[in-house]
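Student: Data: protein.cif, mmCIF, C-alpha atoms and all ligand atoms.
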```cif
data_model
loop_
_atom_site.group_PDB
_atom_site.id
_atom_site.type_symbol
_atom_site.label_atom_id
_atom_site.label_comp_id
_atom_site.auth_asym_id
_atom_site.auth_seq_id
_atom_site.Cartn_x
_atom_site.Cartn_y
_atom_site.Cartn_z
ATOM 1 C CA MET X 1 0.000 0.000 0.000
ATOM 2 C CA SER X 2 1.164 3.471 -0.638
ATOM 3 C CA VAL X 3 -0.442 6.524 0.906
ATOM 4 C CA THR X 4 0.366 10.044 -0.220
ATOM 5 C CA LEU X 5 -0.716 13.266 1.390
ATOM 6 C CA GLU X 6 -2.689 14.195 -1.743
ATOM 7 C CA GLN X 7 -4.627 10.943 -1.677
ATOM 8 C CA CYS X 8 -5.443 11.229 1.971
ATOM 9 C CA LYS X 9 -8.965 12.540 2.628
ATOM 10 C CA CYS X 10 -8.268 12.348 6.338
ATOM 11 C CA LYS X 11 -10.606 15.132 7.390
ATOM 12 C CA GLU X 12 -13.509 12.963 6.312
ATOM 13 C CA LEU X 13 -12.305 9.909 8.208
ATOM 14 C CA SER X 14 -13.616 8.798 11.589
ATOM 15 C CA GLU X 15 -11.137 8.313 14.444
ATOM 16 C CA GLU X 16 -11.382 4.568 13.951
ATOM 17 C CA GLU X 17 -10.597 4.887 10.253
ATOM 18 C CA LYS X 18 -7.662 7.171 10.997
ATOM 19 C CA TYR X 19 -6.144 4.586 13.322
ATOM 20 C CA ALA X 20 -6.766 1.860 10.737
ATOM 21 C CA LEU X 21 -5.003 3.965 8.109
ATOM 22 C CA LEU X 22 -2.101 4.621 10.465
ATOM 23 C CA ARG X 23 -1.839 0.887 11.141
ATOM 24 C CA ASP X 24 -1.624 0.316 7.368
ATOM 25 C CA VAL X 25 1.126 2.935 7.147
ATOM 26 C CA ILE X 26 3.091 1.266 9.946
ATOM 27 C CA TYR X 27 2.834 -2.112 8.198
ATOM 28 C CA ASP X 28 3.700 -0.489 4.888
ATOM 29 C CA TYR X 29 6.919 0.688 6.520
ATOM 30 C CA ASP X 30 7.549 -2.839 7.814
ATOM 31 C CA LYS X 31 7.111 -1.718 11.445
ATOM 32 C CA ASN X 32 10.756 -0.813 11.125
ATOM 33 C CA GLU X 33 12.136 1.655 13.650
ATOM 34 C CA LYS X 34 14.420 3.180 11.058
ATOM 35 C CA ASN X 35 11.245 4.427 9.323
ATOM 36 C CA LEU X 36 9.879 6.040 12.465
ATOM 37 C CA ILE X 37 10.241 9.616 11.187
ATOM 38 C CA GLN X 38 8.354 8.833 7.964
ATOM 39 C CA ILE X 39 5.649 7.067 9.975
ATOM 40 C CA LEU X 40 5.343 10.113 12.248
ATOM 41 C CA HIS X 41 5.036 12.400 9.223
ATOM 42 C CA MET X 42 2.168 10.265 7.989
ATOM 43 C CA ALA X 43 0.601 10.216 11.451
ATOM 44 C CA GLN X 44 0.692 14.013 11.492
ATOM 45 C CA ALA X 45 -0.830 14.137 7.997
ATOM 46 C CA ILE X 46 -3.631 11.807 9.106
ATOM 47 C CA PHE X 47 -4.435 13.337 12.506
ATOM 48 C CA GLY X 48 -3.181 16.906 11.980
ATOM 49 C CA PHE X 49 -0.965 16.512 15.050
ATOM 50 C CA ILE X 50 0.501 13.695 17.136
ATOM 51 C CA PRO X 51 -1.116 13.559 20.570
ATOM 52 C CA LEU X 52 0.012 11.127 23.256
ATOM 53 C CA GLU X 53 -2.682 8.573 22.351
ATOM 54 C CA VAL X 54 -1.345 8.395 18.792
ATOM 55 C CA GLN X 55 2.236 8.102 20.071
ATOM 56 C CA LYS X 56 1.135 5.208 22.300
ATOM 57 C CA PHE X 57 -0.596 3.527 19.374
ATOM 58 C CA ILE X 58 2.541 3.796 17.221
ATOM 59 C CA ALA X 59 4.772 2.472 20.023
ATOM 60 C CA LYS X 60 2.458 -0.494 20.585
ATOM 61 C CA GLU X 61 2.069 -1.332 16.891
ATOM 62 C CA MET X 62 5.821 -1.058 16.291
ATOM 63 C CA ASP X 63 6.657 -2.826 19.516
ATOM 64 C CA ILE X 64 9.050 -0.106 20.642
ATOM 65 C CA PRO X 65 9.085 1.944 23.870
ATOM 66 C CA LEU X 66 6.815 4.987 24.031
ATOM 67 C CA SER X 67 9.841 7.043 25.131
ATOM 68 C CA ARG X 68 11.475 6.366 21.752
ATOM 69 C CA VAL X 69 8.433 7.716 19.875
ATOM 70 C CA SER X 70 7.951 10.694 22.223
ATOM 71 C CA GLY X 71 11.657 11.483 22.026
ATOM 72 C CA VAL X 72 11.520 11.847 18.241
ATOM 73 C CA VAL X 73 8.244 13.819 18.312
ATOM 74 C CA THR X 74 9.580 16.353 20.805
ATOM 75 C CA PHE X 75 13.021 16.606 19.179
ATOM 76 C CA TYR X 76 11.804 17.770 15.769
ATOM 77 C CA SER X 77 9.979 21.093 15.670
ATOM 78 C CA PHE X 78 7.917 20.068 12.628
ATOM 79 C CA PHE X 79 6.022 17.559 14.750
ATOM 80 C CA SER X 80 3.240 18.959 16.884
ATOM 81 C CA THR X 81 1.552 17.330 19.852
ATOM 82 C CA LYS X 82 -1.244 19.904 19.844
ATOM 83 C CA PRO X 83 -3.799 20.725 17.150
ATOM 84 C CA LYS X 84 -2.635 23.413 14.764
ATOM 85 C CA GLY X 85 -4.668 26.228 13.321
ATOM 86 C CA GLU X 86 -5.854 26.369 9.741
ATOM 87 C CA TYR X 87 -3.266 29.117 9.245
ATOM 88 C CA THR X 88 0.199 29.066 10.785
ATOM 89 C CA ILE X 89 1.647 32.532 11.199
ATOM 90 C CA ARG X 90 5.423 32.513 11.554
ATOM 91 C CA VAL X 91 7.336 35.641 12.477
ATOM 92 C CA CYS X 92 10.968 35.779 11.422
ATOM 93 C CA LEU X 93 13.256 36.541 14.327
ATOM 94 C CA GLY X 94 16.491 36.199 12.376
ATOM 95 C CA THR X 95 18.958 39.037 12.982
ATOM 96 C CA ALA X 96 17.747 41.446 10.273
ATOM 97 C CA CYS X 97 14.080 40.983 11.120
ATOM 98 C CA TYR X 98 14.731 41.154 14.837
ATOM 99 C CA VAL X 99 16.632 44.426 14.461
ATOM 100 C CA ARG X 100 13.915 45.896 12.236
ATOM 101 C CA GLY X 101 11.026 45.215 14.589
ATOM 102 C CA GLY X 102 10.328 41.481 14.475
ATOM 103 C CA LYS X 103 9.815 41.453 18.248
ATOM 104 C CA LYS X 104 7.152 44.191 17.985
ATOM 105 C CA ILE X 105 5.373 42.133 15.356
ATOM 106 C CA VAL X 106 5.297 39.143 17.678
ATOM 107 C CA GLU X 107 3.895 41.291 20.492
ATOM 108 C CA ARG X 108 1.227 42.828 18.258
ATOM 109 C CA LEU X 109 0.170 39.423 16.909
ATOM 110 C CA LYS X 110 -0.082 38.065 20.452
ATOM 111 C CA GLU X 111 -2.428 40.960 21.242
ATOM 112 C CA ILE X 112 -4.545 40.573 18.100
ATOM 113 C CA LEU X 113 -4.873 36.795 18.379
ATOM 114 C CA GLY X 114 -5.005 36.593 22.167
ATOM 115 C CA ILE X 115 -2.475 33.746 22.252
ATOM 116 C CA ASP X 116 1.188 33.237 23.038
ATOM 117 C CA VAL X 117 3.890 31.952 20.697
ATOM 118 C CA GLY X 118 3.399 28.225 20.142
ATOM 119 C CA GLU X 119 -0.338 28.442 20.809
ATOM 120 C CA THR X 120 -3.421 28.106 18.623
ATOM 121 C CA THR X 121 -6.576 30.205 18.780
ATOM 122 C CA LYS X 122 -9.626 28.462 20.269
ATOM 123 C CA ASP X 123 -11.420 28.467 16.914
ATOM 124 C CA LEU X 124 -8.402 26.563 15.469
ATOM 125 C CA LYS X 125 -7.941 29.294 12.897
ATOM 126 C CA PHE X 126 -4.419 30.555 13.707
ATOM 127 C CA THR X 127 -1.232 29.141 15.218
ATOM 128 C CA LEU X 128 1.523 31.604 16.113
ATOM 129 C CA GLU X 129 5.168 30.591 15.762
ATOM 130 C CA VAL X 130 8.551 32.237 15.360
ATOM 131 C CA MET X 131 11.216 31.136 12.913
ATOM 132 C CA ARG X 132 14.749 31.754 11.761
ATOM 133 C CA CYS X 133 15.787 33.728 8.672
ATOM 134 C CA ILE X 134 13.870 32.848 5.514
ATOM 135 C CA GLY X 135 16.210 34.756 3.192
ATOM 136 C CA ALA X 136 14.108 37.901 2.821
ATOM 137 C CA CYS X 137 16.465 39.972 5.013
ATOM 138 C CA GLY X 138 16.626 42.828 2.484
ATOM 139 C CA LEU X 139 12.915 43.368 3.031
ATOM 140 C CA ALA X 140 12.804 42.712 6.753
ATOM 141 C CA PRO X 141 10.792 42.289 8.861
ATOM 142 C CA ALA X 142 9.092 39.296 7.315
ATOM 143 C CA ILE X 143 6.305 36.950 8.346
ATOM 144 C CA THR X 144 4.705 33.987 6.633
ATOM 145 C CA ILE X 145 1.113 32.818 6.755
ATOM 146 C CA ASN X 146 1.114 29.215 5.571
ATOM 147 C CA ASP X 147 3.060 29.468 2.288
ATOM 148 C CA LYS X 148 2.622 33.199 1.670
ATOM 149 C CA VAL X 149 5.474 35.547 2.592
ATOM 150 C CA TYR X 150 4.779 39.103 3.774
ATOM 151 C CA LYS X 151 7.760 41.444 3.655
ATOM 152 C CA GLN X 152 8.435 44.819 5.270
ATOM 153 C CA VAL X 153 5.577 44.178 7.634
ATOM 154 C CA ASN X 154 4.367 47.133 9.633
ATOM 155 C CA PRO X 155 2.855 46.202 13.027
ATOM 156 C CA ASP X 156 -0.014 48.639 12.326
ATOM 157 C CA LYS X 157 -0.945 46.656 9.200
ATOM 158 C CA LEU X 158 -1.178 43.321 10.974
ATOM 159 C CA GLN X 159 -4.844 43.629 11.866
ATOM 160 C CA GLN X 160 -5.618 44.182 8.198
ATOM 161 C CA ILE X 161 -3.471 41.227 7.101
ATOM 162 C CA ILE X 162 -5.041 38.898 9.660
ATOM 163 C CA GLY X 163 -8.483 40.183 8.642
ATOM 164 C CA MET X 164 -7.943 38.750 5.153
ATOM 165 C CA TYR X 165 -7.879 35.259 6.657
ATOM 166 C CA HIS X 166 -11.103 35.513 8.645
HETATM 167 S S1 LIG U 201 16.351 37.702 9.132
HETATM 168 FE FE1 LIG U 201 14.275 37.618 8.605
HETATM 169 S S2 LIG U 201 14.359 37.119 6.524
HETATM 170 FE FE2 LIG U 201 16.415 37.095 7.108
#
```
What's the structure tokens form of this structure?
Ligand code: FES

Tutor:
Amino acid sequence: MSVTLEQCKCKELSEEEKYALLRDVIYDYDKNEKNLIQILHMAQAIFGFIPLEVQKFIAKEMDIPLSRVSGVVTFYSFFSTKPKGEYTIRVCLGTACYVRGGKKIVERLKEILGIDVGETTKDLKFTLEVMRCIGACGLAPAITINDKVYKQVNPDKLQQIIGMYH
């Protein structure tokens, strides 16, 4: 069996079906610990995040300690143990962006969204994160919302930018 992210209609699946699909993925990867990262990527694609229950399921199915699974999930920042928002807002805090007001942008976004960095709004619309340089230093400060890059962001314009996603 081969599952790709495009094929996966996971949002329409029940919890039971999601676990069944994850079990298929684990078997597809031969329950082999050296494939754990790929399996976790698929788990995140299926569930949207990797909560403890899913980590336990993977550990049991692969017959490896839970600590091994949790260790990998917490080590890599691209794995999330909490649900993420529909839109992930990342503020660049690389040197150029930091110097040109990146910190103010973070503060303003925290105010607008009512959440801290690393958190998701209650309506699961937005997740706020910070990131390292994305190579747009000449037009700092920069933020991204999912795949879209906003350059030379003015904190006073943030409300307007966020408004486009509501
Ligand atoms: S420091 Fe922000 S884009 Fe380079």

Student: Enclose all atoms of ligand LIG 201 (chain U) listed in the file in an axis-aligned box, grow every side by 5 Å, and hand back centre and edge lengths in Å to one decimal, as AutoDock Vina command-line options.

Tutor:
```
--center_x 15.3 --center_y 37.4 --center_z 7.8 --size_x 12.1 --size_y 10.6 --size_z 12.6
```

Student: Taking into account only C-alpha atoms and all ligand atoms, which residue in the set X:Lys34, X:Arg108, X:Arg68, X:Arg132 is nearest to ligand LIG 201 (chain U)?

Tutor: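 Of X:Lys34, X:Arg108, X:Arg68, X:Arg132, the one nearest ligand LIG 201 (chain U) is X:Arg132, counting only C-alpha atoms and all ligand atoms.
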
Student: Could you pull out the residues sitting within 7 Å of ligand LIG 201 (chain U), using all atoms listed in the file, and write them as a count of residues only?

Tutor: 16

Student: Go through X:Lys110, X:Lys125, X:Lys18, X:Lys104 one by one, measure the shortest atom-to-atom distance of each to Thr88 of chain X using all atoms listed in the file, and give the residue with the smallest value.

Tutor: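 Counting all atoms listed in the file, the residue closest to Thr88 of chain X is X:Lys125.
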
Student: Please enumerate the residues selected by the PyMOL selection byres (((chain X and resi 127) around 10) and not hetatm) when evaluated against the supplied file, formatted as a compact mmCIF listing (two decimals) with C-alpha atoms, keeping the file's coordinate frame.

Tutor:
```txt
# COMPACT_ATOMS: atom_id res chain seq x y z
CA PRO X 83 -3.80 20.72 17.15
CA LYS X 84 -2.64 23.41 14.76
CA GLY X 85 -4.67 26.23 13.32
CA GLU X 86 -5.85 26.37 9.74
CA TYR X 87 -3.27 29.12 9.24
CA THR X 88 0.20 29.07 10.78
CA ILE X 89 1.65 32.53 11.20
CA ARG X 90 5.42 32.51 11.55
CA LEU X 113 -4.87 36.80 18.38
CA ILE X 115 -2.48 33.75 22.25
CA ASP X 116 1.19 33.24 23.04
CA VAL X 117 3.89 31.95 20.70
CA GLY X 118 3.40 28.22 20.14
CA GLU X 119 -0.34 28.44 20.81
CA THR X 120 -3.42 28.11 18.62
CA THR X 121 -6.58 30.20 18.78
CA LYS X 122 -9.63 28.46 20.27
CA LEU X 124 -8.40 26.56 15.47
CA LYS X 125 -7.94 29.29 12.90
CA PHE X 126 -4.42 30.56 13.71
CA LEU X 128 1.52 31.60 16.11
CA GLU X 129 5.17 30.59 15.76
CA ILE X 145 1.11 32.82 6.76
CA ASN X 146 1.11 29.22 5.57
```

Student: Please measure the separation of atom CA of Arg23 of chain X and atom CA of Tyr76 of chain X, giving the value in Å to one decimal.

Tutor: 22.2 Å

Student: With a distance cut-off of 9 Å and all atoms listed in the file, select the neighbouring residues of segment 35-38 of chain X, excluding the residue or stretch itself and same-chain residues fewer than 4 positions from it, and output the selection as an mmCIF file with C-alpha atoms, keeping the file's coordinate frame.

Tutor:
```cif
data_model
loop_
_atom_site.group_PDB
_atom_site.id
_atom_site.type_symbol
_atom_site.label_atom_id
_atom_site.label_comp_id
_atom_site.auth_asym_id
_atom_site.auth_seq_id
_atom_site.Cartn_x
_atom_site.Cartn_y
_atom_site.Cartn_z
ATOM 1 C CA ILE X 26 3.091 1.266 9.946
ATOM 2 C CA TYR X 29 6.919 0.688 6.520
ATOM 3 C CA ASP X 30 7.549 -2.839 7.814
ATOM 4 C CA LYS X 31 7.111 -1.718 11.445
ATOM 5 C CA MET X 42 2.168 10.265 7.989
ATOM 6 C CA ALA X 43 0.601 10.216 11.451
ATOM 7 C CA VAL X 69 8.433 7.716 19.875
ATOM 8 C CA VAL X 72 11.520 11.847 18.241
ATOM 9 C CA VAL X 73 8.244 13.819 18.312
#
```

Student: Using all atoms listed in the file, which protein or nucleic acid residues come within 12 Å of Glu15 of chain X? Drop anything in the same chain fewer than 2 positions from it, and give the result as a list in words.

Tutor: Cys10, Lys11, Glu12, Leu13, Glu17, Lys18, Tyr19, Ala20, Leu21, Leu22, Ile46, Phe47, Gly48, Glu53 and Val54 of chain X

Student: Could you tell me how far atom CA of Ala45 of chain X sits from atom CA of Val106 of chain X, in Å to one decimal place?

Tutor: 27.5 Å

Student: By how many Å are atom CA of Ile58 of chain X and atom CA of Glu16 of chain X apart?

Tutor: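 Going from atom CA of Ile58 of chain X over to atom CA of Glu16 of chain X covers 14.3 Å.
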
Student: Report as a PyMOL selection string the residues that result from applying the PyMOL selection byres (((chain X and resi 151) around 6) and not hetatm) to the structure here.

Tutor: chain X and resi 139+142+150+152-153

Student: Calculated over only C-alpha atoms, which of the candidates X:Leu40, X:Ala59, X:Leu109, X:Ile64 has the smallest distance to Ser80 of chain X?

Tutor: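 Using only C-alpha atoms, Ser80 of chain X sits closest to X:Leu40.
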
Student: Nearest residue to Gln159 of chain X out of X:Glu33, X:Glu61, X:Glu111, X:Asp24, using only C-alpha atoms?

Tutor: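 Smallest separation from Gln159 of chain X among the options: X:Glu111.
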
Student: X:Gly101, X:Asp28, X:Asp147, X:Glu107: which is nearest Met62 of chain X, counting all atoms listed in the file?

Tutor: X:Asp28

Student: Could you check the closest approach to Lys82 of chain X for each of X:Tyr27, X:Asn32, X:Leu52, X:Ser14 and tell me which residue wins, using all atoms listed in the file?

Tutor: X:Leu52
